[in-house]
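See below for query.cif, which holds mmCIF, C-alpha atoms.
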data_query
loop_
_atom_site.label_atom_id
_atom_site.label_comp_id
_atom_site.auth_asym_id
_atom_site.auth_seq_id
_atom_site.Cartn_x
_atom_site.Cartn_y
_atom_site.Cartn_z
CA MET W 1 -97.34 -3.85 -85.66
CA GLU W 2 -97.36 -0.85 -83.36
CA GLN W 3 -97.20 -3.15 -80.35
CA ARG W 4 -94.11 -4.86 -81.78
CA ILE W 5 -92.40 -1.51 -82.26
CA ILE W 6 -93.27 -0.48 -78.71
CA ASP W 7 -92.01 -3.81 -77.37
CA PHE W 8 -88.77 -3.38 -79.34
CA LEU W 9 -88.22 0.17 -78.13
CA THR W 10 -88.81 -0.87 -74.53
CA SER W 11 -86.79 -4.05 -74.76
CA GLU W 12 -83.71 -4.53 -72.65
CA ALA W 13 -81.50 -5.10 -75.73
CA PHE W 14 -82.55 -1.79 -77.31
CA LEU W 15 -82.09 0.16 -74.11
CA HIS W 16 -78.69 -1.42 -73.63
CA ALA W 17 -77.70 -0.48 -77.20
CA ILE W 18 -78.86 3.12 -76.66
CA LYS W 19 -76.94 3.25 -73.42
CA SER W 20 -73.81 1.87 -75.11
CA ILE W 21 -74.06 4.35 -78.01
CA GLY W 22 -74.58 7.27 -75.64
CA LEU W 23 -71.65 6.19 -73.49
CA ALA W 24 -69.47 5.76 -76.62
CA ILE W 25 -70.35 9.29 -77.74
CA ILE W 26 -69.46 10.66 -74.33
CA VAL W 27 -66.17 8.72 -74.32
CA TYR W 28 -65.33 10.01 -77.81
CA VAL W 29 -66.14 13.66 -77.01
CA LEU W 30 -64.33 13.68 -73.68
CA GLY W 31 -61.42 11.70 -75.15
CA SER W 32 -61.06 14.13 -78.07
CA MET W 33 -61.03 17.10 -75.71
CA PHE W 34 -58.45 15.40 -73.53
CA ILE W 35 -56.22 14.55 -76.52
CA LYS W 36 -56.35 18.15 -77.80
CA ARG W 37 -55.35 19.56 -74.42
CA LEU W 38 -52.67 16.94 -73.95
CA ALA W 39 -51.29 17.64 -77.44
CA ARG W 40 -51.07 21.37 -76.65
CA PHE W 41 -49.37 20.61 -73.34
CA ILE W 42 -46.86 18.27 -75.02
CA LYS W 43 -46.16 20.84 -77.74
CA ARG W 44 -45.46 23.56 -75.16
CA ALA W 45 -43.31 21.17 -73.15
CA PHE W 46 -41.26 20.31 -76.24
CA GLU W 47 -40.86 23.99 -77.16
CA SER W 48 -39.61 24.88 -73.68
CA SER W 49 -37.21 21.93 -73.56
CA LYS W 50 -33.78 21.62 -75.18
CA MET W 51 -35.07 19.03 -77.63
CA ASP W 52 -33.89 19.18 -81.23
CA PRO W 53 -36.30 21.49 -83.14
CA SER W 54 -36.57 18.96 -85.96
CA LEU W 55 -37.78 16.29 -83.54
CA ARG W 56 -40.63 18.29 -81.97
CA PRO W 57 -43.23 18.23 -84.79
CA PHE W 58 -42.40 14.60 -85.58
CA LEU W 59 -43.01 13.39 -82.00
CA THR W 60 -46.05 15.62 -81.51
CA SER W 61 -47.70 14.22 -84.62
CA LEU W 62 -46.79 10.65 -83.70
CA ILE W 63 -48.19 10.97 -80.14
CA ASN W 64 -51.35 12.62 -81.43
CA VAL W 65 -52.04 9.80 -83.91
CA SER W 66 -51.30 7.12 -81.30
CA LEU W 67 -53.71 8.67 -78.78
CA LYS W 68 -56.46 8.87 -81.39
CA VAL W 69 -56.01 5.19 -82.23
CA LEU W 70 -56.30 4.33 -78.54
CA LEU W 71 -59.45 6.47 -78.33
CA LEU W 72 -61.01 4.55 -81.23
CA LEU W 73 -60.23 1.28 -79.46
CA ALA W 74 -61.86 2.60 -76.28
CA VAL W 75 -64.97 3.65 -78.22
CA ALA W 76 -65.12 0.24 -79.90
CA GLY W 77 -64.89 -1.46 -76.49
CA THR W 78 -67.67 0.74 -75.14
CA LEU W 79 -69.93 -0.33 -78.03
CA GLY W 80 -69.35 -3.93 -77.07
CA MET W 81 -67.04 -4.80 -79.94
CA GLN W 82 -64.26 -7.26 -79.38
CA VAL W 83 -61.14 -5.10 -79.22
CA THR W 84 -58.97 -7.97 -80.42
CA SER W 85 -61.12 -8.32 -83.54
CA PHE W 86 -60.98 -4.56 -84.08
CA VAL W 87 -57.20 -4.62 -83.76
CA ALA W 88 -57.04 -7.49 -86.24
CA ILE W 89 -59.10 -5.47 -88.74
CA LEU W 90 -56.82 -2.45 -88.27
CA SER W 91 -53.75 -4.64 -88.67
CA ALA W 92 -55.09 -6.13 -91.91
CA ALA W 93 -55.93 -2.68 -93.23
CA ALA W 94 -52.50 -1.37 -92.22
CA PHE W 95 -50.85 -4.32 -93.97
CA ALA W 96 -52.80 -3.67 -97.18
CA VAL W 97 -51.94 0.03 -97.08
CA GLY W 98 -48.32 -0.84 -96.32
CA ILE W 99 -48.06 -3.01 -99.43
CA ALA W 100 -49.44 -0.15 -101.53
CA LEU W 101 -47.19 2.44 -99.93
CA GLN W 102 -43.87 0.64 -99.54
CA GLY W 103 -41.88 3.67 -100.64
CA SER W 104 -43.66 5.96 -98.20
CA LEU W 105 -43.13 3.51 -95.34
CA SER W 106 -39.45 3.32 -96.25
CA ASN W 107 -39.27 7.11 -96.09
CA PHE W 108 -41.12 7.09 -92.75
CA ALA W 109 -38.67 4.52 -91.36
CA GLY W 110 -35.81 6.63 -92.71
CA GLY W 111 -37.24 9.67 -90.93
CA VAL W 112 -37.34 7.74 -87.66
CA ILE W 113 -33.71 6.64 -88.15
CA ILE W 114 -32.65 10.24 -88.83
CA MET W 115 -34.49 11.48 -85.75
CA VAL W 116 -32.99 8.81 -83.50
CA PHE W 117 -29.38 8.69 -84.71
CA LYS W 118 -29.15 12.34 -85.86
CA PRO W 119 -26.65 12.16 -88.75
CA PHE W 120 -27.65 15.80 -89.28
CA ARG W 121 -29.88 18.41 -87.66
CA VAL W 122 -31.87 21.41 -88.80
CA GLY W 123 -29.38 24.15 -89.70
CA ASP W 124 -26.55 21.79 -90.70
CA MET W 125 -24.80 22.17 -94.05
CA ILE W 126 -24.75 18.78 -95.79
CA ASN W 127 -24.00 17.18 -99.13
CA ALA W 128 -26.34 14.33 -100.04
CA GLN W 129 -27.39 12.73 -103.32
CA GLY W 130 -25.35 15.29 -105.25
CA PHE W 131 -27.05 18.27 -103.59
CA GLU W 132 -25.32 20.64 -101.19
CA GLY W 133 -27.31 22.90 -98.92
CA ARG W 134 -28.51 23.77 -95.45
CA VAL W 135 -31.14 21.60 -93.77
CA THR W 136 -34.24 23.73 -93.20
CA GLU W 137 -36.71 21.06 -92.11
CA ILE W 138 -36.82 17.32 -91.38
CA GLN W 139 -40.32 16.07 -92.13
CA VAL W 140 -41.80 12.64 -91.56
CA PHE W 141 -41.16 11.49 -95.13
CA ASN W 142 -38.74 14.07 -96.60
CA THR W 143 -35.87 16.38 -95.71
CA LEU W 144 -35.72 19.91 -97.13
CA LEU W 145 -32.41 21.47 -98.19
CA LYS W 146 -31.88 25.11 -99.11
CA THR W 147 -28.98 25.53 -101.55
CA LEU W 148 -26.66 28.53 -101.71
CA ASP W 149 -28.61 29.91 -104.67
CA HIS W 150 -31.85 29.58 -102.64
CA GLN W 151 -33.29 26.53 -104.35
CA MET W 152 -35.38 24.18 -102.22
CA ILE W 153 -34.37 20.54 -102.63
CA ILE W 154 -36.68 17.80 -101.28
CA ILE W 155 -34.94 14.47 -100.61
CA PRO W 156 -36.80 11.35 -99.40
CA ASN W 157 -35.69 10.20 -95.96
CA GLY W 158 -35.39 6.59 -97.10
CA VAL W 159 -32.64 7.57 -99.54
CA LEU W 160 -30.85 9.70 -96.93
CA SER W 161 -30.85 6.97 -94.29
CA ASN W 162 -29.30 4.41 -96.65
CA ASN W 163 -26.64 6.45 -98.46
CA PRO W 164 -23.52 8.43 -97.54
CA ILE W 165 -23.98 11.99 -96.26
CA GLN W 166 -21.35 14.69 -95.90
CA ASN W 167 -22.16 16.78 -92.83
CA TYR W 168 -19.98 19.90 -92.90
CA SER W 169 -21.41 21.27 -89.66
CA MET W 170 -20.97 18.28 -87.37
CA GLN W 171 -17.38 19.07 -86.37
CA GLY W 172 -17.89 22.82 -86.16
CA ASP W 173 -14.73 23.67 -88.12
CA ARG W 174 -14.01 22.95 -91.77
CA GLY W 175 -10.75 23.00 -93.68
CA ILE W 176 -10.30 24.80 -96.99
CA ASP W 177 -7.94 23.11 -99.45
CA LEU W 178 -6.49 25.91 -101.58
CA ILE W 179 -3.95 25.34 -104.33
CA PHE W 180 -1.97 28.20 -105.88
CA GLY W 181 0.27 27.71 -108.90
CA ILE W 182 3.46 29.73 -109.42
CA GLY W 183 6.01 29.69 -112.21
CA TYR W 184 9.08 27.47 -112.11
CA SER W 185 11.25 30.59 -112.14
CA ASP W 186 9.45 32.19 -109.16
CA ASP W 187 10.72 32.10 -105.58
CA ILE W 188 8.88 29.35 -103.69
CA ASP W 189 9.77 30.71 -100.23
CA LYS W 190 8.53 34.17 -101.19
CA ALA W 191 5.24 32.75 -102.47
CA LYS W 192 4.81 30.73 -99.26
CA LYS W 193 5.28 33.83 -97.10
CA ILE W 194 2.71 35.74 -99.15
CA ILE W 195 0.13 32.97 -98.76
CA GLN W 196 0.82 32.66 -95.03
CA GLN W 197 0.45 36.40 -94.55
CA VAL W 198 -2.85 36.53 -96.43
CA VAL W 199 -4.20 33.65 -94.33
CA ALA W 200 -3.04 35.36 -91.13
CA ASP W 201 -4.77 38.60 -92.16
CA CYS W 202 -8.07 36.86 -92.94
CA PRO W 203 -10.43 37.55 -89.99
CA LEU W 204 -12.37 34.34 -90.57
CA VAL W 205 -9.43 31.94 -90.15
CA LYS W 206 -9.18 30.37 -86.69
CA LYS W 207 -5.52 29.31 -86.64
CA LYS W 208 -3.38 32.07 -88.10
CA GLU W 209 -0.12 30.11 -88.43
CA VAL W 210 -0.48 27.58 -91.23
CA ASP W 211 1.99 25.58 -93.27
CA VAL W 212 2.24 25.83 -97.04
CA TYR W 213 3.43 22.78 -98.99
CA VAL W 214 4.60 22.08 -102.50
CA CYS W 215 1.93 19.54 -103.42
CA GLU W 216 2.71 19.07 -107.12
CA LEU W 217 5.20 19.87 -109.83
CA GLY W 218 2.77 20.45 -112.66
CA ASP W 219 3.33 20.72 -116.39
CA SER W 220 3.57 24.51 -116.29
CA SER W 221 3.46 25.45 -112.59
CA VAL W 222 4.67 24.62 -109.10
CA ASN W 223 1.49 24.08 -107.07
CA LEU W 224 1.40 25.17 -103.44
CA LEU W 225 -1.19 23.79 -101.00
CA VAL W 226 -2.52 25.53 -97.88
CA ARG W 227 -5.35 24.29 -95.63
CA PRO W 228 -6.69 26.89 -93.15
CA PHE W 229 -9.60 26.02 -90.85
CA VAL W 230 -12.66 28.18 -90.39
CA LYS W 231 -16.17 27.86 -88.98
CA SER W 232 -18.44 25.89 -91.28
CA ASP W 233 -20.68 28.91 -91.83
CA ASP W 234 -17.67 31.01 -92.94
CA TRP W 235 -16.26 28.44 -95.40
CA PHE W 236 -17.25 30.12 -98.66
CA ASP W 237 -16.52 33.68 -97.50
CA ALA W 238 -13.05 32.67 -96.26
CA LYS W 239 -12.26 30.76 -99.46
CA PHE W 240 -13.19 33.69 -101.72
CA HIS W 241 -11.35 36.17 -99.47
CA ILE W 242 -8.07 34.22 -99.44
CA GLN W 243 -8.09 33.48 -103.17
CA GLU W 244 -8.70 37.09 -104.09
CA HIS W 245 -6.04 38.54 -101.77
CA VAL W 246 -3.40 35.96 -102.69
CA LYS W 247 -3.85 36.90 -106.36
CA LYS W 248 -3.56 40.61 -105.53
CA GLN W 249 -0.41 40.08 -103.45
CA PHE W 250 1.16 37.89 -106.13
CA ASP W 251 0.58 40.67 -108.66
CA THR W 252 1.94 43.35 -106.30
CA GLN W 253 5.08 41.40 -105.35
CA GLY W 254 5.87 40.00 -108.78
CA VAL W 255 4.93 36.34 -108.31
CA GLY W 256 3.44 34.94 -111.48
CA ILE W 257 0.54 32.54 -111.88
CA PRO W 258 1.40 30.88 -115.18
CA TYR W 259 -1.01 29.83 -117.87
CA PRO W 260 -0.76 26.35 -119.36
CA THR W 261 1.66 26.49 -122.29
CA MET W 262 2.64 24.12 -125.06
CA ASP W 263 5.80 24.10 -127.14
CA VAL W 264 5.19 23.21 -130.80
CA HIS W 265 8.16 22.01 -132.86
CA VAL W 266 7.75 22.20 -136.62
CA ILE W 267 9.91 19.77 -138.59
CA LYS W 268 10.53 20.73 -142.21
#
Any chance you could put this one into structure tokens?
Amino acid sequence: MEQRIIDFLTSEAFLHAIKSIGLAIIVYVLGSMFIKRLARFIKRAFESSKMDPSLRPFLTSLINVSLKVLLLLAVAGTLGMQVTSFVAILSAAAFAVGIALQGSLSNFAGGVIIMVFKPFRVGDMINAQGFEGRVTEIQVFNTLLKTLDHQMIIIPNGVLSNNPIQNYSMQGDRGIDLIFGIGYSDDIDKAKKIIQQVVADCPLVKKKEVDVYVCELGDSSVNLLVRPFVKSDDWFDAKFHIQEHVKKQFDTQGVGIPYPTMDVHVIK
């Protein structure tokens, strides 16, 4: 029995197996060290480049995973395994996982589409799926929005890549549609001049000379429309500023903003 063990330990097959295992361990250790250093180098290169900040962690993670898969294939080849068979096993496992995680794969594909075609970027103000907020992070599977009242909204990328998105920041400037109602007995030209002056005095408005239109003859008011343009980040501040100062100037200069009224006729 002891002689058989000695013969096995000194056999060419055993020594070859030990050599293959030792070489595989060396390949794995050196490969892991190389991948870590390369990942750090790639991360620094991305940070120093002009690449979109939302794309950096996505690509870094993707490259890191790909290199580790290649390392496993190299280790398998060193151990004498058929790489094609190993790839087939990985493919079958990936297919099984893909069937179980169809929604997650859809979100991953949506994240890739967002990264490539860039319908929005980190920092953009968007409206998607009924939520309006600023994009704080684009992850592999989800996009994070921060609303004006500081709520964090998490939207799956698969939904975002397949549905309409309003991107308020893409054009840089954004128009504000403001409608002011005045009484039928009030002077339209006077009201227009007041609105134009308030818009001109607003420091956030880009083009000071704007036109004011009669957009509707309502049931109890003549509605005037003005559309000044401001930077996307100043949209809410400019809107609140103009509305407040138009109301104050209307009050000061005797232009009324009528309430809805109803005439009731009593027949006896």
*Go through W:Pro258, W:Pro164, W:Pro119, W:Gly130 one by one, measure the shortest atom-to-atom distance of each to Phe180 of chain W using all atoms listed in the file, and give the residue with the smallest value.*
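Answer, going by the shortest atom-to-atom distance: W:Pro258.
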*If we count only C-alpha atoms, what is near segment 255-257 of chain W at a cut-off of 12 Å, once residues fewer than 2 positions away on the same chain are taken out, given as number ranges by chain?*
W: 179-195, 220-224, 246-253, 259-260
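Picture a line from atom CA of Pro203 of chain W to atom CA of Leu225 of chain W; it runs 19.9 Å.
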*Would you work out the distance separating atom CA of Leu204 of chain W from atom CA of Asp237 of chain W, expressed in Å to one decimal?*
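We find that atom CA of Leu204 of chain W and atom CA of Asp237 of chain W lie 8.1 Å from each other.
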*asked:* Between atom CA of Asn162 of chain W and atom CA of Ile126 of chain W, what distance in Å does the model show, to one decimal?
replied: 15.1 Å
*Would you write out, as number ranges by chain, every residue that the PyMOL selection byres ((chain W and resi 103-113) around 8) captures in this file?*
W: 98, 101-102, 114-118, 138-142, 156-162
*Between W:Lys231, W:Lys239, W:Lys43, W:His245, which is the closest to Leu62 of chain W once you count only C-alpha atoms?*
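Selected residue with least distance to Leu62 of chain W: W:Lys43.
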Please enclose the listed atoms of segment 173-189 of chain W in an axis-aligned box, pad each side by 8 Å, and write out the centre and the three edge lengths in Å, rounded to one decimal, as JSON.
{"center_x": -1.7, "center_y": 27.6, "center_z": -100.2, "size_x": 42.0, "size_y": 25.2, "size_z": 40.1}
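Residue nearest Ala39 of chain W within the list W:Val264, W:Gln197, W:Thr60, W:Glu244: W:Thr60 [criterion: smallest interatomic distance, all atoms listed in the file].
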